[in-house]
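Report on the structure given below.
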Amino acid sequence: MKSVFNFVVLLFTCLLIAGCATSDRQLRKLESAYQAHLGEYAAELKSGEITKAEHDKKVTQLNARYGRRRAMMERDIYGSGIKSPSRRSTIGRGGRRY
């Protein structure tokens, strides 16, 4: 019975490690794509294909997209994390305190 339990624990641990490795690989792939885009935008700016204002606009959009995608991926991988505390009721405490 103990050997069966040990086998199940070992199997679960292996699956957990494999899942984490896959998740990390996805995050690394996202990061490398982000870095590649930044490099492209920098090269376009250096060669004069785009202006500084266009470069800044593209980088701002890229940062927003990357941030959202990374947050979604981390939420999928690691869960939603600690829930923020709900607002306390002010009933019975004399209203707001300043």
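In the structure tokens, chains take the letters A, B, ... in the order shown, each chain's residues start at 1, and ligands count up from 1 in the order shown.
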
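With only C-alpha atoms taken into account, the protein and nucleic acid residues at most 12 Å from region 36-50 of chain A (excluding it and anything under 2 positions from it in its own chain) are Lys29, Leu30, Glu31, Ser32, Ala33, Tyr34, Lys52, Ala53, Glu54, His55, Asp56, Lys57, Lys58, Val59, Thr60, Gln61, Leu62, Asn63, Arg65 and Tyr66 of chain A.
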
Could you dump the residues just selected with C-alpha atoms as a compact mmCIF listing (two decimals), in the first residue's frame?
```txt
# COMPACT_ATOMS: atom_id res chain seq x y z
CA LYS A 29 8.20 32.87 -25.48
CA LEU A 30 6.03 35.92 -24.79
CA GLU A 31 9.04 37.79 -23.37
CA SER A 32 11.22 36.98 -26.39
CA ALA A 33 8.49 38.12 -28.80
CA TYR A 34 8.20 41.36 -26.82
CA LYS A 52 10.28 59.48 -32.48
CA ALA A 53 6.57 60.17 -31.85
CA GLU A 54 5.53 57.12 -33.90
CA HIS A 55 8.12 55.02 -32.09
CA ASP A 56 6.84 56.14 -28.70
CA LYS A 57 3.25 55.41 -29.71
CA LYS A 58 4.15 51.91 -30.94
CA VAL A 59 6.16 51.13 -27.79
CA THR A 60 3.32 52.35 -25.57
CA GLN A 61 0.84 50.11 -27.39
CA LEU A 62 3.25 47.18 -27.25
CA ASN A 63 3.78 47.65 -23.51
CA ARG A 65 -0.57 44.56 -24.94
CA TYR A 66 2.37 42.77 -23.35
```

Q | Exercise: region 23-28 of chain A partners within 9 Å, only C-alpha atoms, chain neighbours under 5 positions left out, as JSON, numbers by chain | A | {"A": [18, 33, 70, 73, 74, 77]}
